[in-house]
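Working notes for the structure below.
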Amino acid sequence: MGAMDPQPDIASVAAHFADRSRAAMMLELLDGNARPVTRLAQVAGVRTSTASEHLSRLAGAGLLVVEPEGRVRRYRLAGPHVAVVLESLIPLASTPGVTGLRQASQWDRLRVARSCYDHLAGSLGTDILAGLVEVETLRRTDGIQGTVRGPLDAIAGPTATGYVLGPHAAQHFARIGIDLAVVQAGRRPLLKVCTDWTEQRHHLAGGLGAALMRALIDRGWIERRPGRRDLLIHKPEDIQDWLTTA
């Protein structure tokens, strides 16, 4: 028999996710923030020494990066490409039933507004993209109306569905301090969308998605919750005014 064609070694990468403790720690880092070993050990329910071993393995595989801060070592996801893998796995995983009001409220907050690494997700993220399409700041190019998941789109994560800038996009985004020329000059693709795993509609990702979340935080319209993925929405009326007055 001839030699097999070389293929990406998916199995060895997948093995890093196939441990409950490592998975719990990576999910805790899904908001893009760095956290110390002690916090990640608490989340995973393991000893600090055990957490350190897991985190070193993940960092060695290129899935996490280490940020030394004095004697403390903080870990964060290596980039949005790792967050994409995690978000894509969530809809395929079983979820334990809610056992109390606190768990239910946490789940509801994640559905309403959360960070997906460095961009907006949940109903806030999907509603903002829908609003941008409605006023033609962005335009969908596959012929499907609105921002619903297309028939070829994955149930979570990046999609092949295309969006383009509308004729007045620069002016619209400039109203909240986003300079499209600066974002376009960055290393990341300007326009990307993901299928939101809770909403099954698209939300905005890529360089523009990251710039949008930063702009809303800078204006005090939304706020990150320390150590949490769910976001506080302070000025929904201001977000709505911006969206509808393109």
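Chain labels follow the order of the structure tokens: the first chain is A, the next B, and so on; residue numbering restarts at 1 in every chain, and ligands are counted from 1 in their shown order.
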
Tell me, counting only C-alpha atoms, for each residue of segment 118-186 of chain A within 10 Å of segment 191-197 of chain A, which pair of atoms is nearest and how far apart they are in Å to one decimal, in rows ordered by chain and increasing number, as CSV.
```
residue,atom,partner,partner_atom,distance
A:Leu120,CA,A:Asp196,CA,9.8
A:Ala121,CA,A:Asp196,CA,6.6
A:Gly122,CA,A:Asp196,CA,6.7
A:Ser123,CA,A:Asp196,CA,8.6
A:Gly125,CA,A:Asp196,CA,8.5
A:Thr126,CA,A:Asp196,CA,7.4
A:Leu129,CA,A:Val193,CA,9.1
A:Leu138,CA,A:Leu191,CA,9.5
A:Thr147,CA,A:Thr195,CA,9.2
A:Val148,CA,A:Thr195,CA,8.5
A:Arg149,CA,A:Thr195,CA,6.4
A:Gly150,CA,A:Thr195,CA,9.2
A:Asp153,CA,A:Thr195,CA,7.4
A:Ala154,CA,A:Thr195,CA,6.9
A:Ile155,CA,A:Thr195,CA,6.1
A:Ala156,CA,A:Thr195,CA,4.7
A:Gly157,CA,A:Cys194,CA,4.8
A:Pro158,CA,A:Cys194,CA,4.1
A:Thr159,CA,A:Cys194,CA,5.6
A:Ala160,CA,A:Val193,CA,8.4
A:Thr161,CA,A:Val193,CA,7.6
A:Gly162,CA,A:Lys192,CA,7.8
A:Tyr163,CA,A:Leu191,CA,7.0
A:Val164,CA,A:Leu191,CA,7.3
A:Leu165,CA,A:Leu191,CA,8.4
A:Val183,CA,A:Leu191,CA,10.0
A:Gln184,CA,A:Leu191,CA,9.1
```

Please report, as JSON lines, each residue of segment 64-152 of chain A lying at most 12 Å from segment 238-244 of chain A, together with the nearest pair of atoms and the separation in Å rounded to one decimal; use only C-alpha atoms, and order rows by chain and ascending residue number.
```
{"residue": "A:Leu124", "atom": "CA", "partner": "A:Ile239", "partner_atom": "CA", "distance": 9.9}
{"residue": "A:Gly125", "atom": "CA", "partner": "A:Ile239", "partner_atom": "CA", "distance": 11.3}
{"residue": "A:Asp127", "atom": "CA", "partner": "A:Gln240", "partner_atom": "CA", "distance": 9.8}
{"residue": "A:Ile128", "atom": "CA", "partner": "A:Leu243", "partner_atom": "CA", "distance": 7.3}
{"residue": "A:Leu129", "atom": "CA", "partner": "A:Leu243", "partner_atom": "CA", "distance": 9.3}
{"residue": "A:Ala130", "atom": "CA", "partner": "A:Leu243", "partner_atom": "CA", "distance": 9.5}
{"residue": "A:Gly131", "atom": "CA", "partner": "A:Leu243", "partner_atom": "CA", "distance": 5.9}
{"residue": "A:Leu132", "atom": "CA", "partner": "A:Leu243", "partner_atom": "CA", "distance": 6.4}
{"residue": "A:Val133", "atom": "CA", "partner": "A:Leu243", "partner_atom": "CA", "distance": 9.7}
{"residue": "A:Glu134", "atom": "CA", "partner": "A:Thr244", "partner_atom": "CA", "distance": 8.6}
{"residue": "A:Val135", "atom": "CA", "partner": "A:Thr244", "partner_atom": "CA", "distance": 6.8}
{"residue": "A:Glu136", "atom": "CA", "partner": "A:Thr244", "partner_atom": "CA", "distance": 10.4}
{"residue": "A:Thr137", "atom": "CA", "partner": "A:Leu243", "partner_atom": "CA", "distance": 9.1}
{"residue": "A:Leu138", "atom": "CA", "partner": "A:Leu243", "partner_atom": "CA", "distance": 11.4}
```

Expected file: the selected residues, all heavy atoms, as a short mmCIF file (atom, residue, chain, number, x, y, z; two decimals), in the first residue's frame:
```cif
data_model
loop_
_atom_site.label_atom_id
_atom_site.label_comp_id
_atom_site.auth_asym_id
_atom_site.auth_seq_id
_atom_site.Cartn_x
_atom_site.Cartn_y
_atom_site.Cartn_z
N LEU A 124 -28.15 40.41 22.51
CA LEU A 124 -27.65 41.75 22.24
C LEU A 124 -26.82 41.76 20.96
O LEU A 124 -27.00 42.61 20.09
CB LEU A 124 -26.81 42.26 23.41
CG LEU A 124 -26.13 43.63 23.19
CD1 LEU A 124 -27.18 44.72 23.01
CD2 LEU A 124 -25.19 43.96 24.33
N GLY A 125 -25.89 40.81 20.83
CA GLY A 125 -25.05 40.74 19.65
C GLY A 125 -25.83 40.48 18.38
O GLY A 125 -25.60 41.11 17.34
N ASP A 127 -29.09 41.05 17.90
CA ASP A 127 -29.99 42.18 17.62
C ASP A 127 -29.23 43.36 17.00
O ASP A 127 -29.75 44.05 16.12
CB ASP A 127 -30.68 42.64 18.90
CG ASP A 127 -31.77 41.69 19.37
OD1 ASP A 127 -32.14 40.79 18.59
OD2 ASP A 127 -32.25 41.86 20.50
N ILE A 128 -28.00 43.59 17.45
CA ILE A 128 -27.22 44.69 16.88
C ILE A 128 -26.91 44.40 15.41
O ILE A 128 -27.06 45.28 14.55
CB ILE A 128 -25.93 44.92 17.68
CG1 ILE A 128 -26.27 45.62 19.01
CG2 ILE A 128 -24.93 45.76 16.90
CD1 ILE A 128 -25.07 45.83 19.92
N LEU A 129 -26.49 43.19 15.10
CA LEU A 129 -26.22 42.87 13.69
C LEU A 129 -27.48 43.00 12.87
O LEU A 129 -27.46 43.55 11.76
CB LEU A 129 -25.63 41.47 13.56
CG LEU A 129 -25.34 41.03 12.12
CD1 LEU A 129 -24.39 41.99 11.42
CD2 LEU A 129 -24.79 39.61 12.08
N ALA A 130 -28.62 42.53 13.39
CA ALA A 130 -29.89 42.64 12.66
C ALA A 130 -30.23 44.11 12.41
O ALA A 130 -30.71 44.48 11.33
CB ALA A 130 -31.01 41.95 13.43
N GLY A 131 -29.98 44.97 13.41
CA GLY A 131 -30.25 46.39 13.25
C GLY A 131 -29.36 47.03 12.19
O GLY A 131 -29.81 47.86 11.39
N LEU A 132 -28.09 46.63 12.16
CA LEU A 132 -27.17 47.16 11.16
C LEU A 132 -27.58 46.75 9.75
O LEU A 132 -27.44 47.52 8.79
CB LEU A 132 -25.74 46.69 11.46
CG LEU A 132 -25.10 47.25 12.74
CD1 LEU A 132 -23.79 46.54 13.04
CD2 LEU A 132 -24.87 48.76 12.61
N VAL A 133 -28.09 45.55 9.62
CA VAL A 133 -28.57 45.08 8.30
C VAL A 133 -29.85 45.81 7.91
O VAL A 133 -30.03 46.20 6.75
CB VAL A 133 -28.78 43.55 8.32
CG1 VAL A 133 -29.51 43.08 7.06
CG2 VAL A 133 -27.44 42.83 8.47
N GLU A 134 -30.72 46.03 8.88
CA GLU A 134 -32.01 46.69 8.60
C GLU A 134 -31.81 48.10 8.05
O GLU A 134 -32.54 48.54 7.15
CB GLU A 134 -32.86 46.73 9.86
CG GLU A 134 -34.26 47.27 9.63
CD GLU A 134 -35.14 47.15 10.87
OE1 GLU A 134 -34.76 46.43 11.81
OE2 GLU A 134 -36.22 47.78 10.88
N VAL A 135 -30.82 48.83 8.57
CA VAL A 135 -30.59 50.20 8.08
C VAL A 135 -29.53 50.23 6.98
O VAL A 135 -29.08 51.29 6.56
CB VAL A 135 -30.18 51.14 9.23
CG1 VAL A 135 -31.29 51.25 10.26
CG2 VAL A 135 -28.87 50.70 9.89
N GLU A 136 -29.12 49.06 6.52
CA GLU A 136 -28.20 48.89 5.39
C GLU A 136 -26.80 49.45 5.67
O GLU A 136 -26.07 49.80 4.75
CB GLU A 136 -28.77 49.50 4.10
CG GLU A 136 -30.05 48.83 3.65
CD GLU A 136 -30.48 49.24 2.25
OE1 GLU A 136 -30.11 50.35 1.83
OE2 GLU A 136 -31.16 48.45 1.60
N THR A 137 -26.43 49.49 6.95
CA THR A 137 -25.03 49.76 7.27
C THR A 137 -24.19 48.55 6.86
O THR A 137 -23.06 48.69 6.41
CB THR A 137 -24.88 50.05 8.77
OG1 THR A 137 -25.55 51.29 9.06
CG2 THR A 137 -23.42 50.17 9.18
N LEU A 138 -24.76 47.37 7.03
CA LEU A 138 -24.18 46.14 6.51
C LEU A 138 -25.22 45.47 5.61
O LEU A 138 -26.43 45.62 5.82
CB LEU A 138 -23.79 45.18 7.64
CG LEU A 138 -22.75 45.69 8.65
CD1 LEU A 138 -22.50 44.62 9.72
CD2 LEU A 138 -21.45 46.05 7.97
#
```

**OP:** Name the closest residue to Arg228 of chain A among the candidates A:Leu29, A:Val112, A:Val66, A:Ala18; distances are taken between atoms, counting only C-alpha atoms.
**Re:** A:Leu29

Per residue of segment 89-169 of chain A within 9 Å of segment 208-215 of chain A, what are the shortest atom pair and its distance in Å to one decimal, counting only C-alpha atoms, with rows by chain and residue number, as JSON lines?
```
{"residue": "A:Ser115", "atom": "CA", "partner": "A:Met213", "partner_atom": "CA", "distance": 8.5}
{"residue": "A:Tyr117", "atom": "CA", "partner": "A:Ala210", "partner_atom": "CA", "distance": 8.8}
{"residue": "A:Asp118", "atom": "CA", "partner": "A:Ala210", "partner_atom": "CA", "distance": 5.3}
{"residue": "A:His119", "atom": "CA", "partner": "A:Ala210", "partner_atom": "CA", "distance": 4.7}
{"residue": "A:Leu120", "atom": "CA", "partner": "A:Met213", "partner_atom": "CA", "distance": 6.1}
```

Just write the chosen residues, C-alpha atoms, as an mmCIF file, in the first residue's frame.
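As written to disk, selection_27.cif reads:
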```
data_model
loop_
_atom_site.group_PDB
_atom_site.id
_atom_site.type_symbol
_atom_site.label_atom_id
_atom_site.label_comp_id
_atom_site.auth_asym_id
_atom_site.auth_seq_id
_atom_site.Cartn_x
_atom_site.Cartn_y
_atom_site.Cartn_z
ATOM 1 C CA SER A 115 -18.717 38.325 25.383
ATOM 2 C CA TYR A 117 -13.768 36.342 23.321
ATOM 3 C CA ASP A 118 -13.617 39.987 22.155
ATOM 4 C CA HIS A 119 -16.988 40.525 20.480
ATOM 5 C CA LEU A 120 -20.663 40.611 21.457
#
```

Subject >> Who sits within 9 Å of segment 33-43 of chain A, only C-alpha atoms, same chain under 4 positions skipped, as a ChimeraX atom specification >> reply: /A:21,24-26,28-29,47-52,55,65-67,72-77,117,227

From segment 68-147 of chain A, collect each residue whose DSSP state is strand (DSSP E) and return the set as a short mmCIF file (atom, residue, chain, number, x, y, z; two decimals) with N, CA and C atoms, in the first residue's frame.
```
data_model
loop_
_atom_site.label_atom_id
_atom_site.label_comp_id
_atom_site.auth_asym_id
_atom_site.auth_seq_id
_atom_site.Cartn_x
_atom_site.Cartn_y
_atom_site.Cartn_z
N PRO A 68 3.10 36.40 32.84
CA PRO A 68 3.67 36.55 34.18
C PRO A 68 3.39 37.95 34.73
N GLU A 69 3.00 38.01 35.99
CA GLU A 69 2.72 39.28 36.65
C GLU A 69 3.33 39.20 38.05
N VAL A 72 2.90 35.91 40.08
CA VAL A 72 1.64 35.29 39.64
C VAL A 72 1.70 35.02 38.14
N ARG A 73 1.25 33.86 37.75
CA ARG A 73 1.13 33.51 36.33
C ARG A 73 -0.34 33.52 35.95
N ARG A 74 -0.66 34.34 34.98
CA ARG A 74 -2.03 34.42 34.48
C ARG A 74 -2.11 33.76 33.11
N TYR A 75 -3.25 33.14 32.85
CA TYR A 75 -3.44 32.43 31.58
C TYR A 75 -4.63 33.03 30.84
N ARG A 76 -4.52 33.08 29.51
CA ARG A 76 -5.63 33.48 28.66
C ARG A 76 -5.63 32.60 27.41
N LEU A 77 -6.76 32.57 26.70
CA LEU A 77 -6.81 31.84 25.44
C LEU A 77 -5.80 32.44 24.47
N ARG A 114 -23.44 38.53 26.30
CA ARG A 114 -22.18 37.95 26.78
C ARG A 114 -21.08 38.31 25.80
N SER A 115 -19.86 38.15 26.27
CA SER A 115 -18.72 38.33 25.38
C SER A 115 -18.33 36.97 24.82
N CYS A 116 -18.06 36.95 23.53
CA CYS A 116 -17.50 35.76 22.87
C CYS A 116 -16.07 36.15 22.50
N HIS A 119 -15.85 39.91 21.15
CA HIS A 119 -16.99 40.52 20.48
C HIS A 119 -18.28 40.13 21.18
N LEU A 120 -19.37 40.78 20.79
CA LEU A 120 -20.66 40.61 21.46
C LEU A 120 -21.40 39.38 20.96
N ALA A 121 -22.02 38.69 21.90
CA ALA A 121 -22.85 37.53 21.57
C ALA A 121 -24.13 37.58 22.39
N LEU A 138 -24.76 47.37 7.03
CA LEU A 138 -24.18 46.14 6.51
C LEU A 138 -25.22 45.47 5.61
N ARG A 139 -24.74 44.74 4.62
CA ARG A 139 -25.64 44.05 3.70
C ARG A 139 -25.24 42.59 3.60
N ARG A 140 -26.25 41.74 3.62
CA ARG A 140 -26.02 40.30 3.48
C ARG A 140 -25.98 39.94 2.00
#
```

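The coordinates place atom CA of Ala78 of chain A at 14.2 Å from atom CA of Phe17 of chain A.
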
Original post:
Between A:Arg224, A:Arg201, A:Thr245, A:Ala83, which has the minimum distance to Gln171 of chain A (counting only C-alpha atoms)?
Top reply: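 Checking each of A:Arg224, A:Arg201, A:Thr245, A:Ala83 against Gln171 of chain A, counting only C-alpha atoms, the winner is A:Thr245.
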
Subject >> Two-atom distance - atom CA of Ala59 of chain A, atom CA of Leu92 of chain A (Å) >> reply: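 Interatomic distance, atom CA of Ala59 of chain A to atom CA of Leu92 of chain A: 24.7 Å.
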
**OP:** For each of A:Leu58, A:Ala44, A:Ile222, A:Ala170, take the minimum atom-to-atom distance to Glu237 of chain A, counting only C-alpha atoms, then give the residue where this is smallest.
**Re:**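 Nearest candidate to Glu237 of chain A out of A:Leu58, A:Ala44, A:Ile222, A:Ala170: A:Ile222.
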
**OP:** Determine which residues of segment 77-192 of chain A receive a DSSP assignment of helix (DSSP H, G or I), computed from the backbone, and state them as number ranges by chain.
**Re:** A: 80-92, 101-112, 122-134, 169-174, 180-184

Original post:
Closest to Arg225 of chain A among A:Leu110, A:Asp179, A:Gly62, A:Thr141, using only C-alpha atoms?
Top reply: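 For Arg225 of chain A, the nearest of the given residues is A:Leu110.
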
Subject >> Distance criterion (only C-alpha atoms): nearest to His168 of chain A out of A:Pro236, A:Ala113, A:Leu180, A:Asp9 >> reply: A:Leu180

Original post:
Out of A:Ser56, A:Gln145, A:Thr198, A:Ser88, which residue has the shortest atom-to-atom distance to His16 of chain A when counting only C-alpha atoms?
Top reply: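 When distances to His16 of chain A are compared using only C-alpha atoms, the smallest one comes from A:Ser56.
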